[in-house]
Amino acid sequence: MASKDLESVERREKTKKILSSKNIPIDESTALTETVKPAKDFDSMCKRAIASLLVIQLASSFYEGDRDSDNIEIIKRYLSMLDVEKSLLTLEKKMLEGKLTKEQLLSVTWKYEAYWSLVWSLGLIEDIADASKTCDFNTAISLVRDCLEYDEFKSKCKIRPESEILEMKDLYFCYYKAICAAGDEQEVRKLKLNPDVVKERLKGLEWIFSKQKDWFEITLD
């Protein structure tokens, strides 16, 4: 067996132990997480984190009904100040033009969880293995809020080893497959996993290794 296949098997064994401790079943046919290199570099990850967090905050206020145009200008200034305008995705750019539907705004807001897995990968928070509840929004915001320039944020980050990120990706993939297999809502509740949290954090982890630039386009097939 190739060494990278051995790594995948060993990774899955670690995942199984965590799932067992949480009483979450695993389908033995669930595909292993391949050992691959990240497709995104350190700067891309840092800039995606900043840009997404700023836009997510704006989407949240829009979704709650506060569409003050001054808020858009404030976010634009921060995007410029932190030099991350070029990291905006298509849907995020449309939001800055005030063109998103409420459903699309909700989609952007849920990216708090993709952001959460990204800042974990950048070493800014300790652990994200608990997928039973949403992220700590105050902490999520504070990681960017006090930075006045891009290098200040970047200096706080230290990307985790690839093996560690792949282990978390494998865990979340198995969470996702367990939710899919559970079927009805009552069975999903027994897993003590928040399906939306699992889906969005997995997308964030997938984005790191995917050649797909737009994480709104990441699929979980």
# chains A, B, ... in the order shown; residues from 1 in each chain; ligands from 1

$ closest_atom_pairs --of "segment 64-172 of chain A" --to "segment 184-198 of chain A" --cutoff "10 Å" --atoms "only C-alpha atoms" --output "Markdown table"
| residue | atom | partner | partner_atom | distance |
| --- | --- | --- | --- | --- |
| A:Trp110 | CA | A:Asp196 | CA | 7.8 |
| A:Lys111 | CA | A:Val197 | CA | 9.2 |
| A:Tyr112 | CA | A:Val197 | CA | 9.1 |
| A:Glu113 | CA | A:Val197 | CA | 6.0 |
| A:Ala114 | CA | A:Val197 | CA | 8.4 |
| A:Trp116 | CA | A:Val197 | CA | 9.8 |
| A:Ala129 | CA | A:Val198 | CA | 9.9 |
| A:Asp130 | CA | A:Leu193 | CA | 8.1 |
| A:Ala131 | CA | A:Leu193 | CA | 5.3 |
| A:Ser132 | CA | A:Leu193 | CA | 4.3 |
| A:Lys133 | CA | A:Asn194 | CA | 6.0 |
| A:Thr134 | CA | A:Val197 | CA | 6.2 |
| A:Cys135 | CA | A:Val197 | CA | 8.3 |
| A:Leu171 | CA | A:Val198 | CA | 9.9 |
| A:Tyr172 | CA | A:Val198 | CA | 6.4 |

$ residues_around --residues "Arg145 of chain A" --least-positions-apart "6" --cutoff "10 Å" --atoms "only C-alpha atoms" --output "VMD selection string"
chain A and resid 50 53 to 54 78 139 153

$ residues_around --residues "Leu88 of chain A" --least-positions-apart "6" --cutoff "10 Å" --atoms "only C-alpha atoms" --output "ChimeraX atom specification"
/A:47-48,50-52,55,79,94,214

$ write_last_selection --atoms "all heavy atoms" --output "mmCIF file, in the first residue's frame"
data_model
loop_
_atom_site.group_PDB
_atom_site.id
_atom_site.type_symbol
_atom_site.label_atom_id
_atom_site.label_comp_id
_atom_site.auth_asym_id
_atom_site.auth_seq_id
_atom_site.Cartn_x
_atom_site.Cartn_y
_atom_site.Cartn_z
ATOM 1 N N LYS A 47 -6.134 36.364 3.438
ATOM 2 C CA LYS A 47 -6.957 37.390 2.792
ATOM 3 C C LYS A 47 -8.411 36.942 2.659
ATOM 4 O O LYS A 47 -9.332 37.754 2.785
ATOM 5 C CB LYS A 47 -6.362 37.772 1.441
ATOM 6 C CG LYS A 47 -5.047 38.524 1.590
ATOM 7 C CD LYS A 47 -4.574 39.161 0.293
ATOM 8 C CE LYS A 47 -3.339 40.031 0.547
ATOM 9 N NZ LYS A 47 -2.910 40.778 -0.650
ATOM 10 N N ARG A 48 -8.620 35.639 2.405
ATOM 11 C CA ARG A 48 -9.995 35.116 2.343
ATOM 12 C C ARG A 48 -10.664 35.257 3.707
ATOM 13 O O ARG A 48 -11.842 35.612 3.811
ATOM 14 C CB ARG A 48 -9.980 33.644 1.905
ATOM 15 C CG ARG A 48 -11.352 32.960 1.946
ATOM 16 C CD ARG A 48 -12.078 33.104 0.631
ATOM 17 N NE ARG A 48 -12.450 34.470 0.281
ATOM 18 C CZ ARG A 48 -13.658 34.989 0.445
ATOM 19 N NH1 ARG A 48 -14.630 34.274 0.978
ATOM 20 N NH2 ARG A 48 -13.917 36.230 0.070
ATOM 21 N N ILE A 50 -10.063 37.511 6.111
ATOM 22 C CA ILE A 50 -10.402 38.913 6.384
ATOM 23 C C ILE A 50 -11.580 39.370 5.536
ATOM 24 O O ILE A 50 -12.557 39.925 6.052
ATOM 25 C CB ILE A 50 -9.185 39.826 6.105
ATOM 26 C CG1 ILE A 50 -8.030 39.505 7.050
ATOM 27 C CG2 ILE A 50 -9.593 41.301 6.256
ATOM 28 C CD1 ILE A 50 -6.732 40.207 6.681
ATOM 29 N N ALA A 51 -11.490 39.149 4.227
ATOM 30 C CA ALA A 51 -12.540 39.616 3.319
ATOM 31 C C ALA A 51 -13.881 39.002 3.672
ATOM 32 O O ALA A 51 -14.912 39.687 3.712
ATOM 33 C CB ALA A 51 -12.168 39.279 1.872
ATOM 34 N N SER A 52 -13.886 37.699 3.942
ATOM 35 C CA SER A 52 -15.162 37.032 4.246
ATOM 36 C C SER A 52 -15.766 37.550 5.544
ATOM 37 O O SER A 52 -16.975 37.782 5.618
ATOM 38 C CB SER A 52 -14.963 35.516 4.325
ATOM 39 O OG SER A 52 -14.119 35.148 5.387
ATOM 40 N N VAL A 55 -17.431 40.965 5.040
ATOM 41 C CA VAL A 55 -18.652 40.877 4.246
ATOM 42 C C VAL A 55 -19.755 40.142 5.012
ATOM 43 O O VAL A 55 -20.931 40.484 4.912
ATOM 44 C CB VAL A 55 -18.363 40.193 2.895
ATOM 45 C CG1 VAL A 55 -19.642 39.937 2.133
ATOM 46 C CG2 VAL A 55 -17.440 41.059 2.053
ATOM 47 N N LEU A 79 -12.059 46.991 3.743
ATOM 48 C CA LEU A 79 -11.531 46.110 2.704
ATOM 49 C C LEU A 79 -10.307 46.734 2.040
ATOM 50 O O LEU A 79 -9.311 46.052 1.763
ATOM 51 C CB LEU A 79 -12.609 45.830 1.652
ATOM 52 C CG LEU A 79 -13.775 44.927 2.074
ATOM 53 C CD1 LEU A 79 -14.923 45.025 1.067
ATOM 54 C CD2 LEU A 79 -13.317 43.474 2.201
ATOM 55 N N LYS A 94 -21.558 41.414 -5.274
ATOM 56 C CA LYS A 94 -22.957 41.784 -5.531
ATOM 57 C C LYS A 94 -23.602 42.362 -4.280
ATOM 58 O O LYS A 94 -24.427 43.274 -4.359
ATOM 59 C CB LYS A 94 -23.748 40.568 -6.005
ATOM 60 C CG LYS A 94 -23.439 40.137 -7.429
ATOM 61 C CD LYS A 94 -24.314 38.964 -7.848
ATOM 62 C CE LYS A 94 -24.035 38.558 -9.292
ATOM 63 N NZ LYS A 94 -24.883 37.395 -9.695
ATOM 64 N N ASP A 214 -13.863 30.002 -5.552
ATOM 65 C CA ASP A 214 -15.085 30.499 -4.907
ATOM 66 C C ASP A 214 -15.656 29.455 -3.967
ATOM 67 O O ASP A 214 -16.152 28.419 -4.402
ATOM 68 C CB ASP A 214 -16.119 30.852 -5.990
ATOM 69 C CG ASP A 214 -17.306 31.615 -5.442
ATOM 70 O OD1 ASP A 214 -17.633 31.451 -4.256
ATOM 71 O OD2 ASP A 214 -17.921 32.383 -6.206
#

$ atom_distance --atom1 "atom CA of Ser163 of chain A" --atom2 "atom CA of Cys147 of chain A"
29.1 Å

$ residues_around --residues "Gly65 of chain A" --least-positions-apart "6" --cutoff "12 Å" --atoms "only C-alpha atoms" --output "VMD selection string"
chain A and resid 58 to 59 101 to 102 105

$ residues_around --residues "Cys157 of chain A" --least-positions-apart "6" --cutoff "7 Å" --atoms "only C-alpha atoms" --output "list in words"
Leu122, Gly123 and Leu124 of chain A

$ write_last_selection --atoms "C-alpha atoms" --output "CSV table (one decimal), in the first residue's frame"
chain,number,residue,atom,x,y,z
A,122,LEU,CA,-4.5,29.6,10.5
A,123,GLY,CA,-3.9,28.8,14.2
A,124,LEU,CA,-6.1,31.6,15.6

$ residues_around --residues "Ala31 of chain A" --least-positions-apart "3" --cutoff "12 Å" --atoms "only C-alpha atoms" --output "PyMOL selection string"
chain A and resi 5+8-9+11-12+26-28+34+170-171+173-174+177+221

$ closest_residue --among "A:Lys199, A:Lys37, A:Lys156, A:Lys17" --to "Lys211 of chain A" --atoms "only C-alpha atoms"
A:Lys37

$ select_by_dssp --residues "segment 19-216 of chain A" --states "helix (DSSP H, G or I)" --output "VMD selection string"
chain A and resid 19 to 21 42 to 63 69 to 81 85 to 87 90 to 96 102 to 109 112 to 121 137 to 145 150 to 156 162 to 182 185 to 190 195 to 209 215 to 216

$ closest_residue --among "A:Asp83, A:Tyr176, A:Glu126, A:Arg201" --to "Thr30 of chain A" --atoms "only C-alpha atoms"
A:Tyr176

$ atom_distance --atom1 "atom CA of Ile141 of chain A" --atom2 "atom CA of Ile56 of chain A"
9.7 Å

$ atom_distance --atom1 "atom CA of Lys14 of chain A" --atom2 "atom CA of Tyr175 of chain A"
13.5 Å

$ decode --residues "segment 42-144 of chain A" --atoms "C-alpha atoms" --output "short mmCIF file (atom, residue, chain, number, x, y, z; two decimals), in the first residue's frame"
data_model
loop_
_atom_site.label_atom_id
_atom_site.label_comp_id
_atom_site.auth_asym_id
_atom_site.auth_seq_id
_atom_site.Cartn_x
_atom_site.Cartn_y
_atom_site.Cartn_z
CA PHE A 42 -0.83 31.26 3.22
CA ASP A 43 -1.66 34.73 1.86
CA SER A 44 -4.76 33.49 0.04
CA MET A 45 -6.04 31.94 3.26
CA CYS A 46 -5.33 35.05 5.31
CA LYS A 47 -6.96 37.39 2.79
CA ARG A 48 -9.99 35.12 2.34
CA ALA A 49 -10.46 35.11 6.12
CA ILE A 50 -10.40 38.91 6.38
CA ALA A 51 -12.54 39.62 3.32
CA SER A 52 -15.16 37.03 4.25
CA LEU A 53 -15.46 38.21 7.85
CA LEU A 54 -16.03 41.82 6.81
CA VAL A 55 -18.65 40.88 4.25
CA ILE A 56 -20.35 38.40 6.60
CA GLN A 57 -20.89 41.18 9.14
CA LEU A 58 -22.50 43.34 6.47
CA ALA A 59 -24.69 40.44 5.30
CA SER A 60 -25.84 39.84 8.87
CA SER A 61 -26.96 43.44 9.31
CA PHE A 62 -28.65 43.42 5.88
CA TYR A 63 -30.46 40.19 6.71
CA GLU A 64 -31.77 41.74 9.92
CA GLY A 65 -33.19 44.65 7.91
CA ASP A 66 -30.47 47.28 8.45
CA ARG A 67 -29.59 48.33 4.89
CA ASP A 68 -27.95 51.64 5.76
CA SER A 69 -25.73 52.56 2.81
CA ASP A 70 -23.18 53.98 5.26
CA ASN A 71 -22.48 50.42 6.42
CA ILE A 72 -21.45 49.49 2.90
CA GLU A 73 -19.01 52.40 2.76
CA ILE A 74 -17.53 51.43 6.13
CA ILE A 75 -16.93 47.86 4.97
CA LYS A 76 -15.43 49.10 1.69
CA ARG A 77 -13.00 51.27 3.65
CA TYR A 78 -11.93 48.31 5.78
CA LEU A 79 -11.53 46.11 2.70
CA SER A 80 -9.27 48.76 1.19
CA MET A 81 -7.37 49.45 4.41
CA LEU A 82 -6.63 45.74 4.84
CA ASP A 83 -5.85 45.31 1.13
CA VAL A 84 -8.29 42.44 0.51
CA GLU A 85 -10.66 43.85 -2.16
CA LYS A 86 -9.24 41.44 -4.74
CA SER A 87 -10.15 38.50 -2.50
CA LEU A 88 -13.88 39.19 -2.74
CA LEU A 89 -16.00 36.54 -4.43
CA THR A 90 -18.77 37.16 -6.96
CA LEU A 91 -21.64 36.91 -4.47
CA GLU A 92 -19.81 39.18 -2.03
CA LYS A 93 -19.25 41.83 -4.68
CA LYS A 94 -22.96 41.78 -5.53
CA MET A 95 -23.80 42.35 -1.88
CA LEU A 96 -21.66 45.48 -1.82
CA GLU A 97 -23.83 46.67 -4.71
CA GLY A 98 -26.96 45.91 -2.70
CA LYS A 99 -28.15 43.26 -5.15
CA LEU A 100 -28.56 40.13 -3.00
CA THR A 101 -31.86 38.45 -2.15
CA LYS A 102 -32.63 37.54 1.46
CA GLU A 103 -31.84 33.90 0.67
CA GLN A 104 -28.44 34.87 -0.72
CA LEU A 105 -27.75 37.07 2.31
CA LEU A 106 -28.47 34.09 4.56
CA SER A 107 -26.02 32.02 2.52
CA VAL A 108 -23.32 34.65 3.06
CA THR A 109 -24.12 34.89 6.78
CA TRP A 110 -23.69 31.14 7.24
CA LYS A 111 -20.12 31.52 5.98
CA TYR A 112 -19.25 32.46 9.57
CA GLU A 113 -18.72 28.71 9.94
CA ALA A 114 -16.49 28.35 6.85
CA TYR A 115 -14.53 31.33 8.19
CA TRP A 116 -14.32 29.58 11.57
CA SER A 117 -12.68 26.50 10.07
CA LEU A 118 -10.33 28.77 8.12
CA VAL A 119 -9.13 30.75 11.14
CA TRP A 120 -8.69 27.46 12.99
CA SER A 121 -6.45 26.31 10.13
CA LEU A 122 -4.53 29.56 10.53
CA GLY A 123 -3.94 28.77 14.20
CA LEU A 124 -6.09 31.59 15.59
CA ILE A 125 -8.48 29.40 17.59
CA GLU A 126 -7.84 26.19 19.51
CA ASP A 127 -10.37 23.60 18.34
CA ILE A 128 -13.42 23.16 16.12
CA ALA A 129 -14.14 19.45 16.64
CA ASP A 130 -17.40 20.27 18.44
CA ALA A 131 -19.98 20.76 15.68
CA SER A 132 -23.02 20.86 17.93
CA LYS A 133 -23.34 24.64 17.96
CA THR A 134 -22.40 27.71 15.98
CA CYS A 135 -19.09 29.51 16.36
CA ASP A 136 -18.34 32.22 18.91
CA PHE A 137 -19.35 35.28 16.89
CA ASN A 138 -17.65 37.79 19.23
CA THR A 139 -14.33 35.97 18.94
CA ALA A 140 -14.81 35.57 15.17
CA ILE A 141 -15.17 39.34 14.78
CA SER A 142 -12.41 40.27 17.23
CA LEU A 143 -9.78 38.36 15.24
CA VAL A 144 -10.03 40.97 12.47
#
